[in-house]
Amino acid sequence: MVSYQELGLVNSKALFQKAVQGGYAIPAYNFNNMEQLQAIIQACVETKSPVIIQVSSGARKYANQTLLRYMAEGAVAYAKELGFGIPIVLHLDHGDTFELCKSCIDTGFSSVMIDGSHLSYDENVAVTKKVVEYAHAHDVTVEGELGVLAGVEDEVSAEHHTYTRPEEVEDFVGKTGVDSLAISIGTSHGAFKFKPGTDPKIRLDILAEIEKKIPGFPIVLHGSSSVPQDIVAIINKFGGKMDAAIGIPEEQLRAASKSAVCKINIDSDGRLAMTAAIRKVFAEKPAEFDPRKYLGPARDALKELYKHKNTNVLGSAGKA
């Protein structure tokens with residue numbers, strides 16, 4: 001067994017307390033490869049932001065769990081090499097079984113999510129409580145989930161929203177002992193969150209009701225990519241087909257982050273930024289075949305996007 005402390009990582013407890021008190025959200029960025037991780041660390045060092053680097057079950061299968069662990073350990077040293085040692089959390093995103101969460105805890109993760117939202121309420125409580133008991137014995141923090149997000153991303157898929165019921169949150173938190181709670185208030189996975197011509201909005205009224213039930217408790221938003229239309233335009237200009245891609249307005253995310261929302265997950269925006277940069281290189285330099293020549297620009301585009309998110313959307317810049 002490897003502890004996260006041995007890897008130089010931190011858990012999310014103190015970070016969330018500071019974020020709730022300070023009115024900002026910690027960025028939670030997914031990574032599957034070296035370029036994504038480089039961009040995340042560079043952006044957060046340059047903006048002096050704490051960060052949660054996330055690994056999904058799909059990423060573990062794609063990149064190998066051992067390689068990802070060593071990459072996370074390397075991220076701590078890389079940040080210091082860049083000149084500023086930011087707090088880094090290694091988090092399992094959408095763990096769906098106790099066994100998966102346990103495996104991540106045993107290999108150095110400092111935080112795990114157990115997503116029992118597809119189960120009945122009582123089953124969700126039971127599996128979440130089981131993960132919490134094991135995780136807390138190793139000083140690892142746990143995120144639970146109430147409500148279902150629509151959309152598709154990696155191995156997470158649902159056709160319709162099921163909004164979190166404010167009347168359930170106090171009971172769920174009390175029975176499970178979770179450290180943070182992911183809620184469903186209209187965000188969704190993927191790049192196609194809203195239909196063209198609609199007015200994209202998240203249910204800040206439900207968020208307000210939840211805060212009344214569990215004041216000061218750390219809240220998490222998943223599926224919070226904004227799908228920047230300038231990036232979508234580049235993808236479409238250079239051969240893509242994403243005409244109906246619409247996301248969450250950034251001003252709504254900033255409003256949420258000023259409340260008890262202290263962790264905001266962003267993945268699709270990063271995928272879009274990298275894809276746009278790669279498509280541009282391939283279109284303008286069709287003879288290029290060196291991966292460094294198209295993955296390098298993709299990494300740089302991702303870094304700039306995340307610097308913007310930290311500074312202008314999440315409010316986490318300068319909080320490390």
# chains A, B, ... in the order shown; residues from 1 in each chain; ligands from 1
$ closest_atom_pairs --of "range 32-133 of chain A" --to "range 262-283 of chain A" --cutoff "10 Å" --atoms "only C-alpha atoms" --output "Markdown table"
| residue | atom | partner | partner_atom | distance |
| --- | --- | --- | --- | --- |
| A:Glu35 | CA | A:Met274 | CA | 9.6 |
| A:Gln36 | CA | A:Gly270 | CA | 8.4 |
| A:Ala39 | CA | A:Gly270 | CA | 9.8 |
| A:Ile40 | CA | A:Gly270 | CA | 9.7 |
| A:Val51 | CA | A:Lys263 | CA | 9.5 |
| A:Ile52 | CA | A:Lys263 | CA | 8.5 |
| A:Ile53 | CA | A:Asn265 | CA | 9.8 |
| A:Gln54 | CA | A:Asn265 | CA | 8.8 |
| A:Asp93 | CA | A:Asn265 | CA | 9.3 |
$ select_by_dssp --residues "range 96-316 of chain A" --states "alpha helix (DSSP H)" --output "ChimeraX atom specification"
/A:98-106,121-136,166-176,204-213,229-237,250-257,268-284,291-308
$ write_last_selection --atoms "C-alpha atoms" --output "mmCIF file, in the first residue's frame"
data_model
loop_
_atom_site.group_PDB
_atom_site.id
_atom_site.type_symbol
_atom_site.label_atom_id
_atom_site.label_comp_id
_atom_site.auth_asym_id
_atom_site.auth_seq_id
_atom_site.Cartn_x
_atom_site.Cartn_y
_atom_site.Cartn_z
ATOM 1 C CA PHE A 98 -16.288 0.123 -3.127
ATOM 2 C CA GLU A 99 -13.607 -2.066 -4.715
ATOM 3 C CA LEU A 100 -12.535 0.654 -7.162
ATOM 4 C CA CYS A 101 -12.387 3.279 -4.411
ATOM 5 C CA LYS A 102 -10.376 0.951 -2.172
ATOM 6 C CA SER A 103 -7.919 0.217 -4.989
ATOM 7 C CA CYS A 104 -7.331 3.928 -5.538
ATOM 8 C CA ILE A 105 -6.882 4.609 -1.824
ATOM 9 C CA ASP A 106 -4.397 1.744 -1.596
ATOM 10 C CA TYR A 121 -31.338 6.077 -1.890
ATOM 11 C CA ASP A 122 -30.723 3.427 0.776
ATOM 12 C CA GLU A 123 -28.191 1.572 -1.405
ATOM 13 C CA ASN A 124 -26.416 4.862 -2.125
ATOM 14 C CA VAL A 125 -26.187 5.568 1.602
ATOM 15 C CA ALA A 126 -24.850 2.087 2.327
ATOM 16 C CA VAL A 127 -22.077 2.009 -0.287
ATOM 17 C CA THR A 128 -21.070 5.612 0.426
ATOM 18 C CA LYS A 129 -20.828 4.901 4.163
ATOM 19 C CA LYS A 130 -18.686 1.828 3.484
ATOM 20 C CA VAL A 131 -16.253 3.850 1.347
ATOM 21 C CA VAL A 132 -16.122 6.647 3.936
ATOM 22 C CA GLU A 133 -15.228 4.238 6.725
ATOM 23 C CA TYR A 134 -12.333 2.759 4.761
ATOM 24 C CA ALA A 135 -11.131 6.094 3.373
ATOM 25 C CA HIS A 136 -11.192 7.948 6.686
ATOM 26 C CA PRO A 166 -32.786 19.441 -0.799
ATOM 27 C CA GLU A 167 -34.829 17.537 1.778
ATOM 28 C CA GLU A 168 -32.502 14.517 1.434
ATOM 29 C CA VAL A 169 -29.089 16.145 1.756
ATOM 30 C CA GLU A 170 -28.923 16.554 5.541
ATOM 31 C CA ASP A 171 -29.925 12.937 6.105
ATOM 32 C CA PHE A 172 -27.447 11.675 3.489
ATOM 33 C CA VAL A 173 -24.514 13.657 4.845
ATOM 34 C CA GLY A 174 -25.317 12.650 8.421
ATOM 35 C CA LYS A 175 -25.672 8.941 7.667
ATOM 36 C CA THR A 176 -22.638 8.605 5.374
ATOM 37 C CA LEU A 204 -29.218 28.221 -8.396
ATOM 38 C CA ASP A 205 -32.475 28.171 -6.442
ATOM 39 C CA ILE A 206 -31.982 24.481 -5.637
ATOM 40 C CA LEU A 207 -28.395 25.245 -4.618
ATOM 41 C CA ALA A 208 -29.665 27.919 -2.226
ATOM 42 C CA GLU A 209 -32.126 25.465 -0.654
ATOM 43 C CA ILE A 210 -29.383 22.866 -0.227
ATOM 44 C CA GLU A 211 -27.137 25.425 1.464
ATOM 45 C CA LYS A 212 -29.910 26.148 3.961
ATOM 46 C CA LYS A 213 -30.085 22.450 4.860
ATOM 47 C CA GLN A 229 -17.967 29.050 -28.733
ATOM 48 C CA ASP A 230 -14.696 30.468 -30.099
ATOM 49 C CA ILE A 231 -13.077 27.068 -29.545
ATOM 50 C CA VAL A 232 -16.039 25.252 -31.096
ATOM 51 C CA ALA A 233 -15.735 27.582 -34.114
ATOM 52 C CA ILE A 234 -12.077 26.591 -34.609
ATOM 53 C CA ILE A 235 -12.989 22.904 -34.470
ATOM 54 C CA ASN A 236 -15.725 23.386 -37.044
ATOM 55 C CA LYS A 237 -13.550 25.581 -39.260
ATOM 56 C CA GLU A 250 -19.346 31.065 -16.999
ATOM 57 C CA GLU A 251 -21.059 33.830 -15.040
ATOM 58 C CA GLN A 252 -23.404 31.228 -13.521
ATOM 59 C CA LEU A 253 -20.451 29.100 -12.456
ATOM 60 C CA ARG A 254 -18.803 32.141 -10.869
ATOM 61 C CA ALA A 255 -22.002 32.865 -8.966
ATOM 62 C CA ALA A 256 -22.105 29.270 -7.726
ATOM 63 C CA SER A 257 -18.454 29.351 -6.679
ATOM 64 C CA SER A 268 -15.009 18.720 -21.862
ATOM 65 C CA ASP A 269 -13.693 22.277 -22.277
ATOM 66 C CA GLY A 270 -10.159 20.917 -22.036
ATOM 67 C CA ARG A 271 -10.866 18.247 -24.631
ATOM 68 C CA LEU A 272 -12.293 20.897 -26.962
ATOM 69 C CA ALA A 273 -9.279 23.189 -26.554
ATOM 70 C CA MET A 274 -6.830 20.405 -27.344
ATOM 71 C CA THR A 275 -8.887 19.154 -30.293
ATOM 72 C CA ALA A 276 -9.126 22.648 -31.793
ATOM 73 C CA ALA A 277 -5.364 23.142 -31.576
ATOM 74 C CA ILE A 278 -4.619 19.746 -33.112
ATOM 75 C CA ARG A 279 -7.112 20.197 -35.945
ATOM 76 C CA LYS A 280 -5.576 23.581 -36.728
ATOM 77 C CA VAL A 281 -2.076 22.118 -36.973
ATOM 78 C CA PHE A 282 -3.238 19.253 -39.191
ATOM 79 C CA ALA A 283 -5.119 21.626 -41.498
ATOM 80 C CA GLU A 284 -2.367 24.211 -41.808
ATOM 81 C CA PRO A 291 3.442 14.246 -32.215
ATOM 82 C CA ARG A 292 5.342 16.946 -30.326
ATOM 83 C CA LYS A 293 4.446 19.453 -33.039
ATOM 84 C CA TYR A 294 0.691 19.012 -32.555
ATOM 85 C CA LEU A 295 0.493 17.861 -28.931
ATOM 86 C CA GLY A 296 2.684 20.800 -27.866
ATOM 87 C CA PRO A 297 0.249 23.417 -29.242
ATOM 88 C CA ALA A 298 -2.629 21.410 -27.753
ATOM 89 C CA ARG A 299 -0.952 21.516 -24.338
ATOM 90 C CA ASP A 300 -0.364 25.269 -24.643
ATOM 91 C CA ALA A 301 -3.999 25.911 -25.596
ATOM 92 C CA LEU A 302 -5.157 23.864 -22.631
ATOM 93 C CA LYS A 303 -2.900 25.788 -20.266
ATOM 94 C CA GLU A 304 -4.291 29.136 -21.390
ATOM 95 C CA LEU A 305 -7.864 27.888 -21.027
ATOM 96 C CA TYR A 306 -7.245 26.694 -17.483
ATOM 97 C CA LYS A 307 -5.483 29.923 -16.511
ATOM 98 C CA HIS A 308 -8.641 31.726 -17.623
#
$ residues_around --residues "Val140 in chain A" --least-positions-apart "2" --cutoff "10 Å" --atoms "only C-alpha atoms" --output "PDB file with N, CA and C atoms, in the first residue's frame"
ATOM      1  N   SER A   3       0.738   5.427   0.600  1.00  0.00           N
ATOM      2  CA  SER A   3      -0.082   6.526   1.108  1.00  0.00           C
ATOM      3  C   SER A   3       0.139   7.772   0.259  1.00  0.00           C
ATOM      4  N   TYR A   4      -0.884   8.604   0.185  1.00  0.00           N
ATOM      5  CA  TYR A   4      -0.759   9.833  -0.602  1.00  0.00           C
ATOM      6  C   TYR A   4       0.282  10.776  -0.007  1.00  0.00           C
ATOM      7  N   VAL A  10      -1.959  16.157  -1.047  1.00  0.00           N
ATOM      8  CA  VAL A  10      -2.781  16.540   0.099  1.00  0.00           C
ATOM      9  C   VAL A  10      -4.201  16.045  -0.146  1.00  0.00           C
ATOM     10  N   ASN A  11      -4.989  15.909   0.932  1.00  0.00           N
ATOM     11  CA  ASN A  11      -6.408  15.632   0.721  1.00  0.00           C
ATOM     12  C   ASN A  11      -7.162  16.956   0.603  1.00  0.00           C
ATOM     13  N   SER A  12      -8.465  16.883   0.419  1.00  0.00           N
ATOM     14  CA  SER A  12      -9.214  18.097   0.080  1.00  0.00           C
ATOM     15  C   SER A  12      -9.790  18.847   1.274  1.00  0.00           C
ATOM     16  N   LYS A  13      -9.657  18.301   2.484  1.00  0.00           N
ATOM     17  CA  LYS A  13     -10.370  18.858   3.635  1.00  0.00           C
ATOM     18  C   LYS A  13     -10.033  20.325   3.901  1.00  0.00           C
ATOM     19  N   HIS A  91      -7.528  12.666  -7.181  1.00  0.00           N
ATOM     20  CA  HIS A  91      -8.927  12.307  -6.898  1.00  0.00           C
ATOM     21  C   HIS A  91      -9.466  11.309  -7.914  1.00  0.00           C
ATOM     22  N   ILE A 105      -7.419   4.215  -3.128  1.00  0.00           N
ATOM     23  CA  ILE A 105      -6.882   4.609  -1.824  1.00  0.00           C
ATOM     24  C   ILE A 105      -5.583   3.858  -1.540  1.00  0.00           C
ATOM     25  N   GLY A 108      -2.443   5.350  -3.430  1.00  0.00           N
ATOM     26  CA  GLY A 108      -1.947   6.708  -3.242  1.00  0.00           C
ATOM     27  C   GLY A 108      -2.877   7.849  -3.559  1.00  0.00           C
ATOM     28  N   PHE A 109      -4.134   7.573  -3.872  1.00  0.00           N
ATOM     29  CA  PHE A 109      -5.082   8.671  -4.079  1.00  0.00           C
ATOM     30  C   PHE A 109      -5.375   9.336  -2.742  1.00  0.00           C
ATOM     31  N   SER A 110      -5.519  10.653  -2.773  1.00  0.00           N
ATOM     32  CA  SER A 110      -5.793  11.378  -1.528  1.00  0.00           C
ATOM     33  C   SER A 110      -7.274  11.716  -1.371  1.00  0.00           C
ATOM     34  N   SER A 111      -8.061  11.423  -2.400  1.00  0.00           N
ATOM     35  CA  SER A 111      -9.487  11.714  -2.388  1.00  0.00           C
ATOM     36  C   SER A 111     -10.181  10.769  -3.367  1.00  0.00           C
ATOM     37  N   VAL A 112     -11.381  10.327  -3.021  1.00  0.00           N
ATOM     38  CA  VAL A 112     -12.142   9.474  -3.943  1.00  0.00           C
ATOM     39  C   VAL A 112     -13.589   9.936  -3.973  1.00  0.00           C
ATOM     40  N   VAL A 132     -16.567   5.641   2.964  1.00  0.00           N
ATOM     41  CA  VAL A 132     -16.122   6.647   3.936  1.00  0.00           C
ATOM     42  C   VAL A 132     -15.373   5.993   5.088  1.00  0.00           C
ATOM     43  N   GLU A 133     -15.882   4.901   5.595  1.00  0.00           N
ATOM     44  CA  GLU A 133     -15.228   4.238   6.725  1.00  0.00           C
ATOM     45  C   GLU A 133     -13.821   3.778   6.363  1.00  0.00           C
ATOM     46  N   TYR A 134     -13.663   3.214   5.175  1.00  0.00           N
ATOM     47  CA  TYR A 134     -12.333   2.759   4.761  1.00  0.00           C
ATOM     48  C   TYR A 134     -11.413   3.951   4.464  1.00  0.00           C
ATOM     49  N   ALA A 135     -11.944   4.941   3.761  1.00  0.00           N
ATOM     50  CA  ALA A 135     -11.131   6.094   3.373  1.00  0.00           C
ATOM     51  C   ALA A 135     -10.654   6.881   4.588  1.00  0.00           C
ATOM     52  N   HIS A 136     -11.553   7.143   5.524  1.00  0.00           N
ATOM     53  CA  HIS A 136     -11.192   7.948   6.686  1.00  0.00           C
ATOM     54  C   HIS A 136     -10.161   7.247   7.569  1.00  0.00           C
ATOM     55  N   ALA A 137     -10.138   5.935   7.526  1.00  0.00           N
ATOM     56  CA  ALA A 137      -9.110   5.192   8.266  1.00  0.00           C
ATOM     57  C   ALA A 137      -7.720   5.450   7.698  1.00  0.00           C
ATOM     58  N   HIS A 138      -7.673   5.969   6.464  1.00  0.00           N
ATOM     59  CA  HIS A 138      -6.393   6.284   5.817  1.00  0.00           C
ATOM     60  C   HIS A 138      -6.261   7.785   5.535  1.00  0.00           C
ATOM     61  N   VAL A 142     -13.684  11.895   0.997  1.00  0.00           N
ATOM     62  CA  VAL A 142     -14.669  11.217   0.148  1.00  0.00           C
ATOM     63  C   VAL A 142     -15.742  12.194  -0.317  1.00  0.00           C
ATOM     64  N   ASP A 179     -17.284  13.933   3.034  1.00  0.00           N
ATOM     65  CA  ASP A 179     -16.603  15.220   3.222  1.00  0.00           C
ATOM     66  C   ASP A 179     -17.101  16.289   2.263  1.00  0.00           C
TER      67      ASP A 179
END
$ residues_around --residues "His118 in chain A" --least-positions-apart "3" --cutoff "10 Å" --atoms "only C-alpha atoms" --output "PyMOL selection string"
chain A and resi 96+115+121+123-124+145-148+158
$ write_last_selection --atoms "N, CA and C atoms" --output "PDB file, in the first residue's frame"
ATOM      1  N   ASP A  96     -17.538   3.916  -8.985  1.00  0.00           N
ATOM      2  CA  ASP A  96     -18.888   3.365  -8.883  1.00  0.00           C
ATOM      3  C   ASP A  96     -18.989   2.135  -7.991  1.00  0.00           C
ATOM      4  N   ASP A 115     -19.804   7.288  -6.472  1.00  0.00           N
ATOM      5  CA  ASP A 115     -21.016   7.746  -7.135  1.00  0.00           C
ATOM      6  C   ASP A 115     -22.062   6.640  -7.082  1.00  0.00           C
ATOM      7  N   TYR A 121     -31.869   5.204  -2.934  1.00  0.00           N
ATOM      8  CA  TYR A 121     -31.338   6.077  -1.890  1.00  0.00           C
ATOM      9  C   TYR A 121     -30.645   5.269  -0.787  1.00  0.00           C
ATOM     10  N   GLU A 123     -29.400   2.224  -0.901  1.00  0.00           N
ATOM     11  CA  GLU A 123     -28.191   1.572  -1.405  1.00  0.00           C
ATOM     12  C   GLU A 123     -27.058   2.573  -1.565  1.00  0.00           C
ATOM     13  N   ASN A 124     -27.409   3.793  -1.997  1.00  0.00           N
ATOM     14  CA  ASN A 124     -26.416   4.862  -2.125  1.00  0.00           C
ATOM     15  C   ASN A 124     -25.814   5.180  -0.757  1.00  0.00           C
ATOM     16  N   GLU A 145     -22.566  11.560  -3.983  1.00  0.00           N
ATOM     17  CA  GLU A 145     -23.429  12.236  -4.962  1.00  0.00           C
ATOM     18  C   GLU A 145     -24.891  11.910  -4.705  1.00  0.00           C
ATOM     19  N   LEU A 146     -25.712  12.964  -4.816  1.00  0.00           N
ATOM     20  CA  LEU A 146     -27.166  12.843  -4.775  1.00  0.00           C
ATOM     21  C   LEU A 146     -27.730  13.533  -6.008  1.00  0.00           C
ATOM     22  N   GLY A 147     -28.598  12.835  -6.737  1.00  0.00           N
ATOM     23  CA  GLY A 147     -29.119  13.368  -7.988  1.00  0.00           C
ATOM     24  C   GLY A 147     -28.327  12.808  -9.152  1.00  0.00           C
ATOM     25  N   VAL A 148     -28.910  12.891 -10.344  1.00  0.00           N
ATOM     26  CA  VAL A 148     -28.293  12.313 -11.545  1.00  0.00           C
ATOM     27  C   VAL A 148     -28.100  13.391 -12.588  1.00  0.00           C
ATOM     28  N   ALA A 158     -26.212   9.165 -18.698  1.00  0.00           N
ATOM     29  CA  ALA A 158     -27.607   9.201 -18.265  1.00  0.00           C
ATOM     30  C   ALA A 158     -28.382  10.078 -19.246  1.00  0.00           C
TER      31      ALA A 158
END
$ closest_residue --among "A:Thr164, A:Asn312, A:Ser184, A:Ser49" --to "Ile86 in chain A" --atoms "only C-alpha atoms"
A:Ser49
$ closest_residue --among "A:Leu181, A:Lys241, A:Leu92, A:Thr47" --to "Tyr29 in chain A" --atoms "only C-alpha atoms"
A:Leu92
$ closest_residue --among "A:Ser180, A:Ser316, A:Gln17, A:Asn30" --to "Val220 in chain A" --atoms "only C-alpha atoms"
A:Ser180
$ closest_residue --among "A:Ile219, A:Phe238, A:Gly74, A:Thr311" --to "Gly8 in chain A" --atoms "only C-alpha atoms"
A:Gly74
$ select_by_dssp --residues "range 19-164 of chain A" --states "strand (DSSP E or B)" --output "count of residues only"
38
$ atom_distance --atom1 "CA of Val178 in chain A" --atom2 "CA of Gly315 in chain A"
24.6 Å
$ closest_residue --among "A:Ala63, A:Ala25, A:Met242, A:Ala77" --to "Asn310 in chain A" --atoms "only C-alpha atoms"
A:Ala25
$ atom_distance --atom1 "CA of Tyr163 in chain A" --atom2 "CA of Ile185 in chain A"
5.6 Å
$ atom_distance --atom1 "CA of Met71 in chain A" --atom2 "CA of Gly83 in chain A"
18.4 Å
